[in-house]
Amino acid sequence: MRLLTALLVSLLCTTLAFAQEHPMPAPSNLSWMKDSMAKLNQELIAKYGEIQRDRIGRGQHQVMEYWRPEDGDAAVYEDFVRTNFAGDQATLDTIFNRFEDQLEQLGGHMHEINRVFRQQADLDLGPILPLDQIFAGYDPSAHVLDDFFENKLAFVVLLNFPLTTLHQRLTEGPRWTRRQWAEARLAQFFSKRIPANVNLAIAQAASEADQYISQYNIWMYHLVDDKGQRLFPPKLRLLSHWNLRDEIKADYADKVNGLGKQRTIEQVMNRIVTQTIPQVVVNNPHADWNPFTNDVKPAGEKDFDTPAPADMKISSTPEPATRYQMLLKTFLTSKQADPYSPTAPTLIDRRFDEDREIPEQRMQEMLVQVLSSPLVPKVAQLIQARLGRPLEPFDIWYDGFLPRGAYPQAELDAIVAKRYPTPEAYQKDIPNILIKLGFSPEKAQYLGNNIVVDPARGSGHAMGAEMRSEKAHLRTRVEKTGMNYKGFNIAVHEMGHNVEQTFSLKEVDYTLLKGVPNTAFTEALAMLLQAHDLEVLGLSSPDAKSEAFRTLNDFWGTYEIGGVALVDMAVWHWMYDHPNATPDELRDATVQIAKDTWNHYYAPVFGKRDVVLLAIYSHMIDSFLYLPDYPIGHLIGFQIEEQMKKTGKVGEEFERMSKEGHVTPDMWMINATGKPVGAEALLEATQRSLAKVQEQ
Ligand SMILES: [Zn+2]
């Protein structure tokens with residue numbers, strides 16, 4: 001999912017207040033409001049009966065919370081309430097149904113426009129003109145919420161349907177009917193009235209940070225050691241942190257220079273986090289850099305065609321905390337929305353209480369449960385034995401558990417290219433692929449009919465529909481020589497998203513409940529299918545032992561990303577505690593938080609203190625506290641997978657789970673597996689797997 005869209009959607013969809021519990025100060029200039037409310041209370045109770053008393057009171061209170069002077073005077077307000085309050089069930093049903101239908105159409109068509117406007121940017125259709133970029137950046141739904149308050153449709157909803165808190169959804173939600181859930185989600189659409197300029201400032205900060213991150217490349221050939229040696233090949237340009245981290249993973253296979261490369265990258269990462277990296281080596285191949293001594297020289301070798309920047313000065317002058325300046329801006333703009341969100345008055349609250357619907361406290365406990373599990377030192381010991389050396393900090397990215405080489409890359413590429421020479425070939429084969437993955441022939445055909453395959457410009461992504469008359473889109477990369485294995489592997493993952501998107505939109509009982517509780521759920525379902533891609537190609541499925549190794553790999557990955565998430569969370573708390581901090585102060589605080597987290601959960605295992613690697617993730621800078629989604633995704637993934645194993649019915653279970661729709665994570669998981677979200681499934685599977693791999 002594209003982050004900015006996700007962000008805007010979450011701004012639109014999240015809830016804010018349960019009015020009675022958390023009254024906002026009424027606008028002082030609406031002196032008439034109290035009298036009007038009292039008058040209408042009496043009038044409407046007389047008209048509709050005592051039985052409507054609570055609804056009348058609640059509805060008026062909710063409207064009052066958002067009513068501004070420009071919405072109208074006492075007469076306008078009173079007329080509005082009289083006209084739009086549903087005093088009986090039949091009228092309420094009509095209003096509910098109308099909103100459900102219209103909002104589906106609105107969201108669906110807005111999304112359709114968005115998809116079409118992004119087409120040139122997203123798909124492999126020739127050059128992108130500057131105007132295409134403007135189309136791609138245009139969001140037709142940007143003003144919908146403002147419009148709906150202005151034309152008072154938002155007030156119709158607030159007058160008739162209840163706003164809810166996370167606490168209510170967690171404690172009372174399990175007893176609600178599906179219709180009550182749909183009503184809760186309907187009201188949530190209109191639970192915020194953030195001024196357009198505040199949303200714009202947030203979007204601008206996001207886009208600026210995104211821009212900064214997307215150009216943060218390191219030219220690897222220009223990393224030199226003390227003897228002037230270059231460990232990396234020419235032209236290799238790695239984007240921080242994704243490519244740098246993946247290079248560390250790949251280097252385990254390099255028996256000659258792997259370790260040297262890994263240590264070098266670790267040092268590069270340290271320099272990025274601490275911002276001691278020389279400014280001139282960021283995204284610039286014209287300088288050679290020794291990341292250990294921090295010496296910088298004009299490039300001694302050339303592996304590029306671009307001319308040097310005109311103002312380039314070869315020196316070790318560090319990047320001036322730009323990384324933290326970007327982060328600070330995302331914080332300061334997010335904070336501007338706080339006053340319009342009284343019951344989730346910080347971005348931290350909005351992320352946990354609204355987007356994830358898992359309280360932060362509980363998230364923290366689950367992460368700590370994994371990080372301090374007695375299984376950590378056991379798995380670490382196993383890694384150490386397999387490496388034949390003591391662990392080093394970058395081994396948090398150890399991926400040597402993954403079985404590889406059973407099939408050489410070239411062989412896999414050839415099989416895939418032959419089978420899928422074009423996107424159309426993949427499109428045609430979708431039903432067949434899904435049958436192999438465990439879906440019934442009927443469902444596989446139905447899904448195939450509802451997924452459109454497009455040629456992706458990038459590596460691929462899934463774009464679901466937002467209304468039932470639309471189809472989900474699978475964007476996949478196909479080279480001129482046909483699809484390669486990497487592209488196929490990604491396509492199966494993205495297709496997993498499409499399957500979830502199709503079931504959770506078209507088969508859910510209320511479109512207001514379409515989707516999944518949060519992104520971790522769709523990721524877990526997508527990864528479930530992706531893990532079986534070799535079987536689709538007719539190659540052998542993993543045996544019990546390689547399954548066990550894969551579990552250990554996931555456990556180690558959760559241990560790594562769990563610490564990263566804790567750092568992200570602590571940094572946001574620090575920013576809220578120090579709203580006037582400078583970028584330099586934020587840098588120092590982040591470095592300290594990363595060290596503290598390391599020292600607590602990693603130093604005992606790695607035997608080295610004060611490591612800052614946990615702060616290297618780019619998401620920390622441009623993604624507004626997104627990182628906790630990853631570890632929670634692992635936990636959820638294991639719960640779902642264990643359930644699939646137990647029943648052995650992948651297709652049926654996938655559909656049954658997806659149809660539950662957008663309820664709380666715990667409710668979804670109880671429906672899916674019988675238990676709320678938790679770390680037990682992962683820890684139990686890890687325990688079993690450790691025993692399995694140690695069998696002789
Ligand atoms: Zn995904």
# chains A, B, ... in the order shown; residues from 1 in each chain; ligands from 1

$ select_by_dssp --residues "range 373-596 of chain A" --states "alpha helix (DSSP H)" --output "VMD selection string"
chain A and resid 375 to 387 409 to 419 423 to 436 441 to 449 485 to 506 519 to 530 533 to 536 544 to 577 583 to 596

$ residues_near_ligand --ligand "ligand 1" --cutoff "7 Å" --atoms "only C-alpha atoms and all ligand atoms" --output "JSON, numbers by chain"
{"A": [493, 494, 497, 523, 526]}

$ write_last_selection --atoms "N, CA, C and O atoms" --output "mmCIF file, in the first residue's frame"
data_model
loop_
_atom_site.group_PDB
_atom_site.id
_atom_site.type_symbol
_atom_site.label_atom_id
_atom_site.label_comp_id
_atom_site.auth_asym_id
_atom_site.auth_seq_id
_atom_site.Cartn_x
_atom_site.Cartn_y
_atom_site.Cartn_z
ATOM 1 N N HIS A 493 2.839 -12.541 -3.700
ATOM 2 C CA HIS A 493 2.549 -11.770 -2.490
ATOM 3 C C HIS A 493 1.434 -10.749 -2.759
ATOM 4 O O HIS A 493 0.444 -10.691 -2.020
ATOM 5 N N GLU A 494 1.611 -9.963 -3.822
ATOM 6 C CA GLU A 494 0.633 -8.913 -4.117
ATOM 7 C C GLU A 494 -0.731 -9.525 -4.454
ATOM 8 O O GLU A 494 -1.773 -8.976 -4.121
ATOM 9 N N HIS A 497 -2.661 -10.024 -1.421
ATOM 10 C CA HIS A 497 -3.402 -8.808 -1.037
ATOM 11 C C HIS A 497 -4.696 -8.712 -1.835
ATOM 12 O O HIS A 497 -5.751 -8.401 -1.301
ATOM 13 N N GLU A 523 -0.951 -7.925 5.257
ATOM 14 C CA GLU A 523 0.411 -8.403 5.024
ATOM 15 C C GLU A 523 0.544 -9.879 5.400
ATOM 16 O O GLU A 523 1.159 -10.668 4.685
ATOM 17 N N ALA A 526 -1.027 -11.962 2.768
ATOM 18 C CA ALA A 526 -0.242 -11.951 1.527
ATOM 19 C C ALA A 526 0.990 -12.846 1.663
ATOM 20 O O ALA A 526 1.336 -13.604 0.752
#

$ select_by_dssp --residues "range 367-519 of chain A" --states "strand (DSSP E)" --output "ChimeraX atom specification"
/A:451-455,460-463,472-476

$ residues_around --residues "Ile213 in chain A" --least-positions-apart "2" --cutoff "9 Å" --atoms "only C-alpha atoms" --output "ChimeraX atom specification"
/A:208-211,215-217,239-241,323,618-619,621-622

$ closest_residue --among "A:Asn257, A:His143, A:Pro631, A:Thr91" --to "Leu200 in chain A" --atoms "only C-alpha atoms"
A:His143

$ atom_distance --atom1 "CA of Gly107 in chain A" --atom2 "CA of Ala444 in chain A"
26.8 Å

$ atom_distance --atom1 "CA of Phe80 in chain A" --atom2 "CA of Leu513 in chain A"
28.2 Å

$ residues_around --residues "Gly557 in chain A" --least-positions-apart "3" --cutoff "9 Å" --atoms "only C-alpha atoms" --output "list in words"
Ile396, Trp397, Tyr398, Asp399, Leu552, Asn553, Asp554, Glu560, Ile561, Gly562, Pro631 and His634 of chain A

$ atom_distance --atom1 "CA of Ile194 in chain A" --atom2 "CA of Leu131 in chain A"
29.3 Å

$ decode --residues "range 603-673 of chain A" --atoms "C-alpha atoms" --output "PDB file, in the first residue's frame"
ATOM      1  CA  ALA A 603      23.826  -6.210  24.388  1.00  0.00           C
ATOM      2  CA  PRO A 604      23.498  -9.286  26.642  1.00  0.00           C
ATOM      3  CA  VAL A 605      23.167 -11.441  23.526  1.00  0.00           C
ATOM      4  CA  PHE A 606      25.699  -9.700  21.287  1.00  0.00           C
ATOM      5  CA  GLY A 607      28.275  -8.841  23.945  1.00  0.00           C
ATOM      6  CA  LYS A 608      28.630  -5.283  22.722  1.00  0.00           C
ATOM      7  CA  ARG A 609      27.090  -2.114  24.132  1.00  0.00           C
ATOM      8  CA  ASP A 610      25.987   1.284  22.785  1.00  0.00           C
ATOM      9  CA  VAL A 611      25.091   0.159  19.279  1.00  0.00           C
ATOM     10  CA  VAL A 612      22.840   2.601  17.353  1.00  0.00           C
ATOM     11  CA  LEU A 613      21.707   0.368  14.474  1.00  0.00           C
ATOM     12  CA  LEU A 614      18.120   0.135  15.729  1.00  0.00           C
ATOM     13  CA  ALA A 615      17.612   3.742  14.584  1.00  0.00           C
ATOM     14  CA  ILE A 616      18.607   3.223  10.945  1.00  0.00           C
ATOM     15  CA  TYR A 617      15.159   2.477   9.504  1.00  0.00           C
ATOM     16  CA  SER A 618      14.017   5.134   7.032  1.00  0.00           C
ATOM     17  CA  HIS A 619      10.398   4.654   8.112  1.00  0.00           C
ATOM     18  CA  MET A 620      11.326   6.341  11.356  1.00  0.00           C
ATOM     19  CA  ILE A 621      11.904   9.563   9.449  1.00  0.00           C
ATOM     20  CA  ASP A 622       9.028   9.659   6.981  1.00  0.00           C
ATOM     21  CA  SER A 623       6.351   7.245   8.138  1.00  0.00           C
ATOM     22  CA  PHE A 624       4.780   8.734  11.293  1.00  0.00           C
ATOM     23  CA  LEU A 625       5.245   5.904  13.777  1.00  0.00           C
ATOM     24  CA  TYR A 626       4.565   3.129  11.328  1.00  0.00           C
ATOM     25  CA  LEU A 627       7.256   0.683  12.442  1.00  0.00           C
ATOM     26  CA  PRO A 628       5.297  -1.155  15.178  1.00  0.00           C
ATOM     27  CA  ASP A 629       3.143  -2.537  12.355  1.00  0.00           C
ATOM     28  CA  TYR A 630       5.980  -4.838  11.337  1.00  0.00           C
ATOM     29  CA  PRO A 631       6.539  -6.887  14.487  1.00  0.00           C
ATOM     30  CA  ILE A 632       2.819  -7.072  15.112  1.00  0.00           C
ATOM     31  CA  GLY A 633       2.539  -8.330  11.552  1.00  0.00           C
ATOM     32  CA  HIS A 634       4.876 -11.225  12.380  1.00  0.00           C
ATOM     33  CA  LEU A 635       2.820 -12.168  15.435  1.00  0.00           C
ATOM     34  CA  ILE A 636      -0.417 -12.013  13.483  1.00  0.00           C
ATOM     35  CA  GLY A 637       1.165 -13.939  10.630  1.00  0.00           C
ATOM     36  CA  PHE A 638       2.028 -16.815  12.927  1.00  0.00           C
ATOM     37  CA  GLN A 639      -1.403 -16.931  14.456  1.00  0.00           C
ATOM     38  CA  ILE A 640      -3.023 -17.132  11.035  1.00  0.00           C
ATOM     39  CA  GLU A 641      -0.545 -19.669   9.749  1.00  0.00           C
ATOM     40  CA  GLU A 642      -0.984 -21.938  12.761  1.00  0.00           C
ATOM     41  CA  GLN A 643      -4.733 -21.832  12.183  1.00  0.00           C
ATOM     42  CA  MET A 644      -4.291 -22.784   8.526  1.00  0.00           C
ATOM     43  CA  LYS A 645      -2.059 -25.676   9.545  1.00  0.00           C
ATOM     44  CA  LYS A 646      -4.578 -26.838  12.124  1.00  0.00           C
ATOM     45  CA  THR A 647      -7.478 -26.939   9.673  1.00  0.00           C
ATOM     46  CA  GLY A 648      -5.499 -27.661   6.526  1.00  0.00           C
ATOM     47  CA  LYS A 649      -7.999 -25.607   4.523  1.00  0.00           C
ATOM     48  CA  VAL A 650      -6.130 -22.596   3.180  1.00  0.00           C
ATOM     49  CA  GLY A 651      -8.732 -21.384   0.681  1.00  0.00           C
ATOM     50  CA  GLU A 652     -11.743 -21.729   2.959  1.00  0.00           C
ATOM     51  CA  GLU A 653     -10.009 -20.262   5.974  1.00  0.00           C
ATOM     52  CA  PHE A 654      -8.582 -17.364   3.970  1.00  0.00           C
ATOM     53  CA  GLU A 655     -12.088 -16.476   2.824  1.00  0.00           C
ATOM     54  CA  ARG A 656     -13.720 -16.978   6.218  1.00  0.00           C
ATOM     55  CA  MET A 657     -11.137 -14.771   7.933  1.00  0.00           C
ATOM     56  CA  SER A 658     -11.201 -12.021   5.288  1.00  0.00           C
ATOM     57  CA  LYS A 659     -14.996 -11.739   5.411  1.00  0.00           C
ATOM     58  CA  GLU A 660     -14.866 -10.644   9.043  1.00  0.00           C
ATOM     59  CA  GLY A 661     -13.862  -7.205   7.761  1.00  0.00           C
ATOM     60  CA  HIS A 662     -12.816  -4.114   9.642  1.00  0.00           C
ATOM     61  CA  VAL A 663     -13.451  -4.895  13.302  1.00  0.00           C
ATOM     62  CA  THR A 664     -10.847  -4.643  16.088  1.00  0.00           C
ATOM     63  CA  PRO A 665      -7.712  -6.806  15.705  1.00  0.00           C
ATOM     64  CA  ASP A 666      -8.671  -8.880  18.726  1.00  0.00           C
ATOM     65  CA  MET A 667     -12.197  -9.555  17.507  1.00  0.00           C
ATOM     66  CA  TRP A 668     -10.899 -10.439  14.070  1.00  0.00           C
ATOM     67  CA  MET A 669      -8.325 -12.796  15.521  1.00  0.00           C
ATOM     68  CA  ILE A 670     -10.774 -14.443  17.926  1.00  0.00           C
ATOM     69  CA  ASN A 671     -13.061 -15.118  14.980  1.00  0.00           C
ATOM     70  CA  ALA A 672     -10.119 -16.389  12.946  1.00  0.00           C
ATOM     71  CA  THR A 673      -8.280 -18.486  15.534  1.00  0.00           C
TER      72      THR A 673
END
